[in-house]
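Asks: File name run30.tsv; file contents TSV, C-alpha atoms; full text below.
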```tsv
chain	number	residue	atom	x	y	z
A	1	MET	CA	-33.74	22.44	76.74
A	2	LYS	CA	-31.37	20.79	74.26
A	3	ASN	CA	-31.25	21.08	70.49
A	4	LYS	CA	-30.82	18.30	67.93
A	5	ASN	CA	-27.04	18.16	68.50
A	6	ASN	CA	-27.60	17.69	72.24
A	7	ILE	CA	-26.24	21.16	73.00
A	8	PRO	CA	-28.15	22.97	75.76
A	9	GLU	CA	-29.50	26.44	74.95
A	10	ASN	CA	-28.07	27.75	78.21
A	11	PRO	CA	-24.95	25.77	79.14
A	12	LEU	CA	-24.57	27.74	82.39
A	13	LYS	CA	-27.43	25.67	83.84
A	14	ASP	CA	-25.09	22.69	83.73
A	15	ALA	CA	-22.27	24.67	85.36
A	16	PRO	CA	-23.33	25.38	88.96
A	17	PHE	CA	-19.89	26.50	90.10
A	18	LEU	CA	-19.50	29.02	87.30
A	19	SER	CA	-23.08	30.25	87.76
A	20	LYS	CA	-22.31	31.22	91.35
A	21	ILE	CA	-19.46	33.52	90.35
A	22	LYS	CA	-20.46	37.15	89.94
A	23	LYS	CA	-20.10	38.53	86.44
A	24	GLU	CA	-17.85	41.48	87.23
A	25	ASN	CA	-15.12	43.27	85.38
A	26	HIS	CA	-12.01	43.38	87.54
A	27	PHE	CA	-9.74	44.80	84.89
A	28	LEU	CA	-8.82	48.44	85.41
A	29	THR	CA	-7.38	51.17	83.23
A	30	PRO	CA	-5.10	54.08	84.24
A	31	LYS	CA	-6.99	57.11	85.52
A	32	ASN	CA	-8.80	59.12	82.80
A	33	TYR	CA	-7.59	56.68	80.13
A	34	PHE	CA	-10.69	56.94	77.96
A	35	GLU	CA	-10.95	60.73	78.32
A	36	SER	CA	-7.34	61.20	77.28
A	37	LEU	CA	-7.90	58.82	74.36
A	38	ASP	CA	-10.39	61.31	72.95
A	39	GLU	CA	-8.43	64.47	73.60
A	40	VAL	CA	-4.87	63.51	72.78
A	41	ARG	CA	-4.60	60.36	70.74
A	42	LEU	CA	-7.51	60.75	68.39
A	43	ASP	CA	-6.01	63.94	67.02
A	44	LYS	CA	-2.70	62.13	66.60
A	45	TYR	CA	-4.35	59.25	64.67
A	46	LEU	CA	-6.12	61.61	62.31
A	47	ASN	CA	-3.03	63.68	61.55
A	48	LYS	CA	-0.78	60.65	61.32
A	49	ASN	CA	-3.13	58.87	58.98
A	50	LYS	CA	-3.74	61.90	56.84
A	51	LEU	CA	-0.03	61.94	56.12
A	52	THR	CA	0.03	58.20	55.51
A	53	ILE	CA	-2.86	58.36	53.09
A	54	ILE	CA	-1.28	61.28	51.22
A	55	PHE	CA	1.96	59.33	50.97
A	56	ASP	CA	0.11	56.19	49.83
A	57	ASN	CA	-1.68	58.06	47.06
A	58	LEU	CA	1.41	59.95	45.94
A	59	SER	CA	3.69	56.95	46.17
A	60	TYR	CA	2.14	55.29	43.14
A	61	ARG	CA	2.14	58.38	40.98
A	62	ILE	CA	5.27	60.26	42.01
A	63	PHE	CA	7.57	58.57	44.49
A	64	ILE	CA	7.87	55.18	42.81
A	65	PRO	CA	8.60	56.59	39.27
A	66	LEU	CA	10.97	59.12	40.85
A	67	ALA	CA	12.80	56.40	42.77
A	68	ALA	CA	13.06	54.33	39.58
A	69	CYS	CA	14.58	57.29	37.69
A	70	VAL	CA	17.11	57.92	40.47
A	71	ALA	CA	18.05	54.22	40.52
A	72	ILE	CA	18.56	54.19	36.73
A	73	PHE	CA	20.65	57.41	36.90
A	74	ILE	CA	22.88	55.94	39.64
A	75	LEU	CA	23.36	52.74	37.64
A	76	VAL	CA	24.31	54.61	34.45
A	77	PHE	CA	26.58	57.01	36.35
A	78	ASN	CA	28.42	54.14	38.07
A	79	TYR	CA	28.78	52.29	34.77
A	80	ASN	CA	30.36	55.35	33.15
A	81	LEU	CA	32.73	55.83	36.06
A	82	LYS	CA	33.96	52.27	35.73
A	83	THR	CA	34.37	52.28	31.94
A	84	ASN	CA	35.77	55.83	31.45
A	85	LYS	CA	39.50	55.19	32.01
A	86	THR	CA	42.14	57.94	31.54
A	87	SER	CA	44.39	57.55	28.47
A	88	LEU	CA	48.06	56.60	29.00
A	89	THR	CA	51.04	58.15	27.25
A	90	SER	CA	53.15	55.98	24.96
A	91	GLU	CA	55.98	56.08	27.53
A	92	GLN	CA	53.64	54.79	30.25
A	93	VAL	CA	52.45	52.00	27.96
A	94	TYR	CA	56.06	51.07	27.15
A	95	GLU	CA	57.08	51.17	30.81
A	96	THR	CA	54.15	49.02	31.76
A	97	LEU	CA	54.68	46.50	29.01
A	98	VAL	CA	58.41	46.13	29.56
A	99	ASN	CA	58.66	46.51	33.33
A	100	GLU	CA	55.65	44.33	34.08
A	101	ASP	CA	57.02	41.61	31.76
A	102	TYR	CA	53.95	41.60	29.59
A	103	ILE	CA	56.30	41.23	26.62
A	104	GLU	CA	59.93	40.31	26.33
A	105	ILE	CA	62.02	42.20	23.80
A	106	GLU	CA	65.19	40.58	22.59
A	107	ASP	CA	68.19	42.90	22.36
A	108	ASP	CA	69.22	41.76	18.86
A	109	LEU	CA	65.77	42.46	17.55
A	110	LEU	CA	65.79	45.86	19.21
A	111	TYR	CA	69.18	46.84	17.67
A	112	GLU	CA	68.10	45.60	14.27
A	113	THR	CA	64.93	47.67	14.41
A	114	TYR	CA	66.86	50.72	15.64
A	115	TYR	CA	69.38	50.39	12.79
A	116	GLU	CA	66.62	50.15	10.20
A	117	VAL	CA	64.87	53.20	11.56
A	118	THR	CA	68.03	55.34	11.70
A	119	GLN	CA	69.08	54.21	8.25
A	120	SER	CA	65.74	55.07	6.74
A	121	SER	CA	65.69	58.51	8.40
A	122	SER	CA	69.35	59.46	7.45
A	123	PRO	CA	69.69	61.30	4.17
A	124	THR	CA	71.03	59.46	1.14
A	125	LEU	CA	73.93	60.70	-1.09
A	126	GLU	CA	71.53	62.15	-3.59
A	127	GLU	CA	69.75	64.04	-0.89
A	128	ASN	CA	73.09	65.44	0.39
A	129	ASP	CA	73.91	66.84	-3.04
A	130	GLU	CA	70.54	68.54	-3.13
A	131	TYR	CA	71.18	70.13	0.30
A	132	ILE	CA	74.61	71.44	-0.84
A	133	GLU	CA	73.13	72.86	-4.01
A	134	TYR	CA	70.44	74.57	-2.01
A	135	LEU	CA	72.99	76.14	0.35
A	136	ILE	CA	75.14	77.40	-2.54
A	137	GLU	CA	72.19	78.83	-4.43
A	138	ASN	CA	70.98	80.70	-1.38
A	139	ASP	CA	74.48	81.77	-0.35
A	140	ILE	CA	74.28	80.18	3.10
A	141	ASP	CA	77.51	79.62	5.00
A	142	ILE	CA	77.66	76.03	6.20
A	143	ASN	CA	80.19	76.94	8.95
A	144	LEU	CA	77.68	79.38	10.39
A	145	ILE	CA	75.07	76.64	10.67
A	146	ILE	CA	77.56	74.25	12.29
A	147	ALA	CA	78.58	76.96	14.78
A	148	GLU	CA	74.97	77.53	15.70
A	149	LEU	CA	74.48	73.81	16.32
B	150	MET	CA	-21.05	64.93	72.76
B	151	GLU	CA	-24.16	64.15	70.73
B	152	HIS	CA	-25.24	60.54	70.17
B	153	TYR	CA	-25.84	59.60	66.56
B	154	SER	CA	-26.84	56.25	65.13
B	155	ASP	CA	-24.14	54.28	63.30
B	156	ASP	CA	-25.94	54.86	60.00
B	157	LYS	CA	-25.96	58.60	60.57
B	158	LEU	CA	-22.26	58.54	61.52
B	159	LEU	CA	-21.43	56.63	58.34
B	160	GLU	CA	-23.37	59.15	56.30
B	161	MET	CA	-21.39	61.95	57.96
B	162	PHE	CA	-18.15	60.09	57.31
B	163	ARG	CA	-18.87	59.88	53.58
B	164	ASP	CA	-19.05	63.67	53.46
B	165	GLU	CA	-15.51	65.10	53.20
B	166	LYS	CA	-16.40	68.12	55.33
B	167	SER	CA	-17.69	66.15	58.32
B	168	ARG	CA	-15.37	63.13	57.94
B	169	ASN	CA	-12.98	63.89	60.80
B	170	ASN	CA	-15.82	64.79	63.13
B	171	ALA	CA	-17.72	61.61	62.21
B	172	TYR	CA	-14.65	59.48	62.86
B	173	ALA	CA	-14.13	61.14	66.23
B	174	LEU	CA	-17.77	60.41	67.11
B	175	ILE	CA	-17.49	56.77	65.99
B	176	VAL	CA	-14.40	56.30	68.15
B	177	HIS	CA	-16.03	58.05	71.08
B	178	LYS	CA	-19.09	55.85	70.79
B	179	HIS	CA	-17.35	52.49	70.48
B	180	LYS	CA	-13.93	52.90	72.10
B	181	GLU	CA	-14.82	51.52	75.54
B	182	ARG	CA	-16.53	48.38	74.28
B	183	LEU	CA	-13.70	47.76	71.86
B	184	TYR	CA	-11.11	48.31	74.58
B	185	TRP	CA	-12.72	45.80	76.96
B	186	HIS	CA	-13.13	43.27	74.16
B	187	ILE	CA	-9.43	43.60	73.30
B	188	ARG	CA	-8.38	43.66	76.96
B	189	ARG	CA	-10.06	40.30	77.66
B	190	ILE	CA	-8.10	38.77	74.82
B	191	VAL	CA	-4.63	40.27	75.42
B	192	ILE	CA	-5.11	40.73	79.23
B	193	ASN	CA	-2.43	43.40	79.73
B	194	HIS	CA	-3.47	47.10	79.62
B	195	ASP	CA	-0.46	48.35	77.64
B	196	ASP	CA	-0.95	45.63	75.06
B	197	ALA	CA	-4.67	46.40	74.88
B	198	ASP	CA	-3.82	50.07	74.35
B	199	ASP	CA	-1.47	49.19	71.46
B	200	VAL	CA	-4.04	46.91	69.86
B	201	LEU	CA	-6.77	49.53	70.26
B	202	GLN	CA	-4.55	52.07	68.48
B	203	ASN	CA	-3.98	49.65	65.61
B	204	THR	CA	-7.69	48.92	65.49
B	205	LEU	CA	-8.55	52.62	65.27
B	206	ILE	CA	-5.94	53.20	62.56
B	207	LYS	CA	-7.32	50.27	60.54
B	208	THR	CA	-10.81	51.64	61.08
B	209	TRP	CA	-9.80	55.04	59.72
B	210	LYS	CA	-8.17	53.46	56.70
B	211	GLY	CA	-10.98	51.02	55.96
B	212	LEU	CA	-14.03	53.10	56.79
B	213	SER	CA	-14.23	54.74	53.36
B	214	ASN	CA	-14.48	51.24	51.81
B	215	PHE	CA	-17.00	49.97	54.36
B	216	LYS	CA	-20.00	48.75	52.37
B	217	ALA	CA	-22.44	48.58	55.32
B	218	GLU	CA	-23.27	44.95	54.53
B	219	SER	CA	-22.86	44.29	58.24
B	220	LYS	CA	-23.44	46.57	61.22
B	221	LEU	CA	-20.72	49.09	61.95
B	222	TYR	CA	-20.01	47.82	65.46
B	223	THR	CA	-19.69	44.18	64.34
B	224	TRP	CA	-17.24	45.36	61.68
B	225	LEU	CA	-15.28	47.24	64.36
B	226	TYR	CA	-15.33	44.16	66.60
B	227	ARG	CA	-14.04	42.05	63.72
B	228	ILE	CA	-11.07	44.39	63.24
B	229	ALA	CA	-10.40	44.46	66.99
B	230	THR	CA	-10.56	40.65	67.23
B	231	ASN	CA	-8.23	40.15	64.26
B	232	GLU	CA	-5.80	42.73	65.60
B	233	SER	CA	-5.79	41.06	69.04
B	234	ILE	CA	-5.12	37.61	67.57
B	235	THR	CA	-2.40	39.04	65.30
B	236	PHE	CA	-0.85	40.70	68.35
B	237	LEU	CA	-0.75	37.43	70.32
B	238	ASN	CA	0.71	35.57	67.33
B	239	GLN	CA	3.41	38.22	66.97
B	240	LYS	CA	4.15	37.91	70.68
B	241	ARG	CA	4.62	34.16	70.26
B	242	LYS	CA	7.00	34.69	67.34
B	243	ARG	CA	8.91	37.54	69.01
B	244	PHE	CA	9.66	35.62	72.19
B	245	PHE	CA	9.75	32.14	70.64
B	246	ILE	CA	6.92	31.06	72.94
B	247	PRO	CA	5.13	27.80	72.08
B	248	ILE	CA	1.47	28.15	71.08
B	249	VAL	CA	0.07	27.02	74.46
B	250	ASP	CA	2.52	28.88	76.69
B	251	VAL	CA	1.50	32.42	75.77
B	252	GLU	CA	-1.83	31.92	77.57
B	253	GLN	CA	0.01	30.49	80.59
B	254	GLU	CA	2.22	33.54	80.62
B	255	LEU	CA	-0.81	35.83	80.44
B	256	ALA	CA	-2.35	33.97	83.40
B	257	GLN	CA	0.83	34.42	85.43
B	258	SER	CA	1.08	38.10	84.52
B	259	LEU	CA	-2.46	38.67	85.88
B	260	GLU	CA	-1.29	37.88	89.43
B	261	SER	CA	1.12	40.81	89.44
B	262	ASP	CA	-0.93	43.14	87.21
B	263	GLU	CA	-1.55	46.49	88.92
B	264	TYR	CA	-4.61	46.98	86.72
B	265	TYR	CA	-6.33	43.78	87.82
B	266	THR	CA	-8.24	43.68	91.11
B	267	GLY	CA	-10.06	40.34	91.00
B	268	ASP	CA	-10.13	38.15	94.10
B	269	GLU	CA	-8.94	34.55	94.21
B	270	ILE	CA	-12.03	33.05	92.58
B	271	GLN	CA	-12.10	35.71	89.85
B	272	LEU	CA	-8.42	35.11	89.17
B	273	LYS	CA	-9.12	31.38	88.98
B	274	LEU	CA	-11.91	32.04	86.47
B	275	GLN	CA	-9.57	34.15	84.33
B	276	LYS	CA	-6.95	31.39	84.44
B	277	ALA	CA	-9.60	28.86	83.46
B	278	ILE	CA	-10.61	31.02	80.48
B	279	LEU	CA	-6.96	31.27	79.43
B	280	THR	CA	-6.72	27.47	79.23
B	281	LEU	CA	-9.35	27.43	76.46
B	282	PRO	CA	-8.46	27.18	72.76
B	283	GLU	CA	-8.44	30.59	71.05
B	284	LYS	CA	-11.83	30.29	69.33
B	285	GLN	CA	-13.60	29.00	72.46
B	286	ARG	CA	-12.01	31.80	74.52
B	287	LEU	CA	-13.29	34.43	72.08
B	288	VAL	CA	-16.79	32.94	72.03
B	289	PHE	CA	-16.91	32.57	75.82
B	290	ASN	CA	-15.84	36.20	76.43
B	291	MET	CA	-18.34	37.57	73.93
B	292	LYS	CA	-21.23	35.45	75.17
B	293	TYR	CA	-20.55	35.38	78.91
B	294	TYR	CA	-19.14	38.87	79.60
B	295	GLU	CA	-20.37	40.96	76.70
B	296	GLU	CA	-23.71	39.11	76.48
B	297	MET	CA	-23.78	39.23	72.71
B	298	LYS	CA	-26.30	37.35	70.62
B	299	TYR	CA	-25.07	34.35	68.66
B	300	GLU	CA	-26.03	36.16	65.45
B	301	GLU	CA	-23.72	39.05	66.31
B	302	ILE	CA	-20.85	36.74	67.27
B	303	ALA	CA	-21.37	34.80	64.03
B	304	ASP	CA	-21.11	38.07	62.10
B	305	ILE	CA	-17.88	39.01	63.88
B	306	LEU	CA	-16.13	35.66	63.73
B	307	GLY	CA	-17.60	34.44	60.46
B	308	THR	CA	-18.75	31.16	62.00
B	309	SER	CA	-22.13	29.43	61.92
B	310	ILE	CA	-24.44	29.83	64.91
B	311	GLY	CA	-24.47	26.05	65.48
B	312	ALA	CA	-20.67	25.96	65.70
B	313	LEU	CA	-20.72	28.91	68.10
B	314	LYS	CA	-23.24	27.21	70.38
B	315	ALA	CA	-21.07	24.12	70.44
B	316	SER	CA	-17.95	26.21	71.18
B	317	TYR	CA	-19.67	28.02	74.05
B	318	HIS	CA	-21.01	24.76	75.46
B	319	HIS	CA	-17.54	23.16	75.43
B	320	ALA	CA	-15.96	26.29	76.90
B	321	VAL	CA	-18.41	26.38	79.80
B	322	LYS	CA	-17.91	22.68	80.44
B	323	LYS	CA	-14.11	23.01	80.49
B	324	ILE	CA	-14.22	26.04	82.80
B	325	GLU	CA	-16.56	24.24	85.20
B	326	ILE	CA	-14.19	21.25	85.31
B	327	TYR	CA	-11.17	23.56	85.87
B	328	LEU	CA	-12.91	25.46	88.69
B	329	THR	CA	-14.11	22.37	90.51
B	330	ALA	CA	-10.81	20.54	90.08
B	331	ASN	CA	-8.71	23.46	91.37
```
Show me the file's structure as structure tokens.

Replies:
Amino acid sequence: MKNKNNIPENPLKDAPFLSKIKKENHFLTPKNYFESLDEVRLDKYLNKNKLTIIFDNLSYRIFIPLAACVAIFILVFNYNLKTNKTSLTSEQVYETLVNEDYIEIEDDLLYETYYEVTQSSSPTLEENDEYIEYLIENDIDINLIIAEL
Amino acid sequence: MEHYSDDKLLEMFRDEKSRNNAYALIVHKHKERLYWHIRRIVINHDDADDVLQNTLIKTWKGLSNFKAESKLYTWLYRIATNESITFLNQKRKRFFIPIVDVEQELAQSLESDEYYTGDEIQLKLQKAILTLPEKQRLVFNMKYYEEMKYEEIADILGTSIGALKASYHHAVKKIEIYLTAN
């Protein structure tokens, strides 16, 4: 019997060779495979999947926010480490600037600056008179001070 | 072990207290049929064992969301079929095997398989089945060996009954030609 699309209801009728072959299952399993599946593996699936499900549920509420916080902390910590440089002494800055040729200092300019600084820091004549007056008033022996120096 | 109907087992599964026991009973009830269904697709026992494990894990995960719109065993068969096809596709990708050659390789592996005892004609029939396109092979195995109704196969594969009849018809025709030619 064929339907409207000309497909037989039982195609095996048109396949004599196939029809003669016995319908048998020749695949085998290892001994006691199905019994051991019940006893050993099933327990493993249940326990394994309990853990997985717990992790899945917790992952959205705890693990993912926690991981995000840790990631942010690491980023901030690394940023601080990179930006927080130790301060240099003025000598180190000078050494670096001069020795590394960041700037060139002309000798004349240097002497001129030195002269100006020493001149400004040395006492004037008026100041000297004041010092002498102070020493006399307080009866301080100038030779004693020179000896101590 | 007691035999419960699928509906009763699902009812037990919905109850937290009897969930594990219900799952164990579902597996116990359907494991053999699922195994043989998978085995006919992937051929090798170790592969079938792996796919069955994946199927059972998926079942455990999905059972709480199972809406019982279809029968439990057709739902289990659908998972097993999808897992078997996924497994074969992964095998193709893993070993860079062309689409057609994986079936040829399975046919060759049957000859040296310690867990296959078929004689020459049975081996020839298995090789003939392995020459079929994937869908026709699935339909042939379910109709010829597992003697399923077209309605059940349609539920598992999500195909119309007319298309299934056509697939089975073509599969039988191709196998007959292969057997008579070889």

Asks: What gap, in Å, lies between atom CA of Gln239 of chain B and atom CA of Pro30 of chain A?

Replies: 24.9 Å

Asks: Can you tell me which residues surround Trp185 of chain B at a distance of at most 10 Å, considering only C-alpha atoms, apart from same-chain residues fewer than 6 positions away, and format the answer as JSON, numbers by chain?

Replies: {"A": [25, 27, 28, 29], "B": [191, 192, 194, 197, 201, 294, 295]}

Asks: Quick one: which residues from chain B are at most 6 Å off chain A, using all atoms listed in the file, as a ChimeraX atom specification?

Replies: /B:264-267,318,325

Asks: Contacts of segment 170-177 of chain B at 10 Å or less, counting only C-alpha atoms, minus same-chain residues fewer than 2 places along, as a PDB file with C-alpha atoms, keeping the file's coordinate frame?

Replies:
```pdb
ATOM      1  CA  PHE A  34     -10.690  56.940  77.960  1.00  0.00           C
ATOM      2  CA  GLU A  35     -10.950  60.730  78.320  1.00  0.00           C
ATOM      3  CA  LEU A  37      -7.900  58.820  74.360  1.00  0.00           C
ATOM      4  CA  ASP A  38     -10.390  61.310  72.950  1.00  0.00           C
ATOM      5  CA  GLU A  39      -8.430  64.470  73.600  1.00  0.00           C
ATOM      6  CA  LEU A  42      -7.510  60.750  68.390  1.00  0.00           C
ATOM      7  CA  ASP A  43      -6.010  63.940  67.020  1.00  0.00           C
ATOM      8  CA  LEU A  46      -6.120  61.610  62.310  1.00  0.00           C
TER       9      LEU A  46
ATOM     10  CA  MET B 150     -21.050  64.930  72.760  1.00  0.00           C
ATOM     11  CA  GLU B 151     -24.160  64.150  70.730  1.00  0.00           C
ATOM     12  CA  HIS B 152     -25.240  60.540  70.170  1.00  0.00           C
ATOM     13  CA  TYR B 153     -25.840  59.600  66.560  1.00  0.00           C
ATOM     14  CA  SER B 154     -26.840  56.250  65.130  1.00  0.00           C
ATOM     15  CA  ASP B 155     -24.140  54.280  63.300  1.00  0.00           C
ATOM     16  CA  LYS B 157     -25.960  58.600  60.570  1.00  0.00           C
ATOM     17  CA  LEU B 158     -22.260  58.540  61.520  1.00  0.00           C
ATOM     18  CA  LEU B 159     -21.430  56.630  58.340  1.00  0.00           C
ATOM     19  CA  GLU B 160     -23.370  59.150  56.300  1.00  0.00           C
ATOM     20  CA  MET B 161     -21.390  61.950  57.960  1.00  0.00           C
ATOM     21  CA  PHE B 162     -18.150  60.090  57.310  1.00  0.00           C
ATOM     22  CA  ARG B 163     -18.870  59.880  53.580  1.00  0.00           C
ATOM     23  CA  ASP B 164     -19.050  63.670  53.460  1.00  0.00           C
ATOM     24  CA  GLU B 165     -15.510  65.100  53.200  1.00  0.00           C
ATOM     25  CA  LYS B 166     -16.400  68.120  55.330  1.00  0.00           C
ATOM     26  CA  SER B 167     -17.690  66.150  58.320  1.00  0.00           C
ATOM     27  CA  ARG B 168     -15.370  63.130  57.940  1.00  0.00           C
ATOM     28  CA  HIS B 179     -17.350  52.490  70.480  1.00  0.00           C
ATOM     29  CA  LYS B 180     -13.930  52.900  72.100  1.00  0.00           C
ATOM     30  CA  GLU B 181     -14.820  51.520  75.540  1.00  0.00           C
ATOM     31  CA  LEU B 183     -13.700  47.760  71.860  1.00  0.00           C
ATOM     32  CA  LEU B 205      -8.550  52.620  65.270  1.00  0.00           C
ATOM     33  CA  THR B 208     -10.810  51.640  61.080  1.00  0.00           C
ATOM     34  CA  TRP B 209      -9.800  55.040  59.720  1.00  0.00           C
ATOM     35  CA  LEU B 212     -14.030  53.100  56.790  1.00  0.00           C
ATOM     36  CA  LEU B 221     -20.720  49.090  61.950  1.00  0.00           C
ATOM     37  CA  TYR B 222     -20.010  47.820  65.460  1.00  0.00           C
ATOM     38  CA  LEU B 225     -15.280  47.240  64.360  1.00  0.00           C
TER      39      LEU B 225
END
```

Asks: Nearest to Ser261 of chain B: which of B:Arg227, B:Arg188, B:Asn193, B:Lys273 is it, counting only C-alpha atoms?

Replies: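 Checking each of B:Arg227, B:Arg188, B:Asn193, B:Lys273 against Ser261 of chain B, counting only C-alpha atoms, the winner is B:Asn193.
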
Asks: Kindly provide the residues of segment 185-240 of chain B that approach segment 299-309 of chain B to within 12 Å, each paired with its closest atom pair and their distance in Å to one decimal, based on only C-alpha atoms, listed by chain and increasing number, as a tab-separated table.

Replies:
```
residue	atom	partner	partner_atom	distance
B:Glu218	CA	B:Asp304	CA	10.5
B:Ser219	CA	B:Asp304	CA	7.5
B:Lys220	CA	B:Asp304	CA	8.9
B:Leu221	CA	B:Ile305	CA	10.6
B:Tyr222	CA	B:Ile305	CA	9.2
B:Thr223	CA	B:Ile305	CA	5.5
B:Trp224	CA	B:Ile305	CA	6.8
B:Leu225	CA	B:Ile305	CA	8.6
B:Tyr226	CA	B:Ile305	CA	6.4
B:Arg227	CA	B:Ile305	CA	4.9
B:Ile228	CA	B:Ile305	CA	8.7
B:Ala229	CA	B:Ile305	CA	9.8
B:Thr230	CA	B:Ile305	CA	8.2
B:Asn231	CA	B:Leu306	CA	9.1
B:Ile234	CA	B:Leu306	CA	11.8
```

Asks: Which distance in Å separates atom CA of Gln253 of chain B and atom CA of Lys292 of chain B, to one decimal?

Replies: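 Between atom CA of Gln253 of chain B and atom CA of Lys292 of chain B the gap is 22.5 Å.
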
Asks: Padding 5 Å on every side, please: axis-aligned box over the listed atoms of segment 305-311 of chain B, centre and edge lengths to one decimal in Å, as AutoDock Vina command-line options.

Replies:
```
--center_x -20.3 --center_y 32.5 --center_z 63.0 --size_x 18.3 --size_y 23.0 --size_z 15.0
```

Asks: Between atom CA of Asn32 of chain A and atom CA of Thr204 of chain B, what is the distance in Å, rounded to a tenth?

Replies: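 Here the two named atoms are 20.1 Å from each other.
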
Asks: Export segment 304-316 of chain B, N, CA and C atoms, as an mmCIF file, in the first residue's frame; it's the structure right above.

Replies:
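Wrote decode_10.cif, looks like this:
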```cif
data_model
loop_
_atom_site.group_PDB
_atom_site.id
_atom_site.type_symbol
_atom_site.label_atom_id
_atom_site.label_comp_id
_atom_site.auth_asym_id
_atom_site.auth_seq_id
_atom_site.Cartn_x
_atom_site.Cartn_y
_atom_site.Cartn_z
ATOM 1 N N ASP B 304 8.302 13.168 17.547
ATOM 2 C CA ASP B 304 8.430 13.909 18.799
ATOM 3 C C ASP B 304 9.898 14.077 19.191
ATOM 4 N N ILE B 305 10.677 13.037 18.956
ATOM 5 C CA ILE B 305 12.107 13.083 19.330
ATOM 6 C C ILE B 305 12.896 13.989 18.385
ATOM 7 N N LEU B 306 12.684 13.815 17.097
ATOM 8 C CA LEU B 306 13.499 14.547 16.124
ATOM 9 C C LEU B 306 12.892 15.887 15.701
ATOM 10 N N GLY B 307 11.674 16.114 16.078
ATOM 11 C CA GLY B 307 11.011 17.367 15.709
ATOM 12 C C GLY B 307 10.770 17.488 14.222
ATOM 13 N N THR B 308 10.437 16.355 13.588
ATOM 14 C CA THR B 308 10.183 16.331 12.142
ATOM 15 C C THR B 308 8.758 15.824 11.890
ATOM 16 N N SER B 309 8.199 16.180 10.737
ATOM 17 C CA SER B 309 6.838 15.723 10.439
ATOM 18 C C SER B 309 6.844 14.218 10.114
ATOM 19 N N ILE B 310 5.716 13.592 10.334
ATOM 20 C CA ILE B 310 5.611 12.148 10.091
ATOM 21 C C ILE B 310 5.842 11.834 8.611
ATOM 22 N N GLY B 311 5.322 12.687 7.741
ATOM 23 C CA GLY B 311 5.513 12.480 6.291
ATOM 24 C C GLY B 311 6.987 12.469 5.917
ATOM 25 N N ALA B 312 7.735 13.427 6.484
ATOM 26 C CA ALA B 312 9.174 13.506 6.194
ATOM 27 C C ALA B 312 9.895 12.276 6.732
ATOM 28 N N LEU B 313 9.449 11.795 7.884
ATOM 29 C CA LEU B 313 10.073 10.608 8.485
ATOM 30 C C LEU B 313 9.837 9.364 7.630
ATOM 31 N N LYS B 314 8.612 9.250 7.121
ATOM 32 C CA LYS B 314 8.276 8.099 6.264
ATOM 33 C C LYS B 314 9.152 8.119 5.017
ATOM 34 N N ALA B 315 9.318 9.302 4.463
ATOM 35 C CA ALA B 315 10.154 9.445 3.266
ATOM 36 C C ALA B 315 11.614 9.094 3.586
ATOM 37 N N SER B 316 12.095 9.570 4.737
ATOM 38 C CA SER B 316 13.474 9.281 5.155
ATOM 39 C C SER B 316 13.693 7.774 5.308
#
```
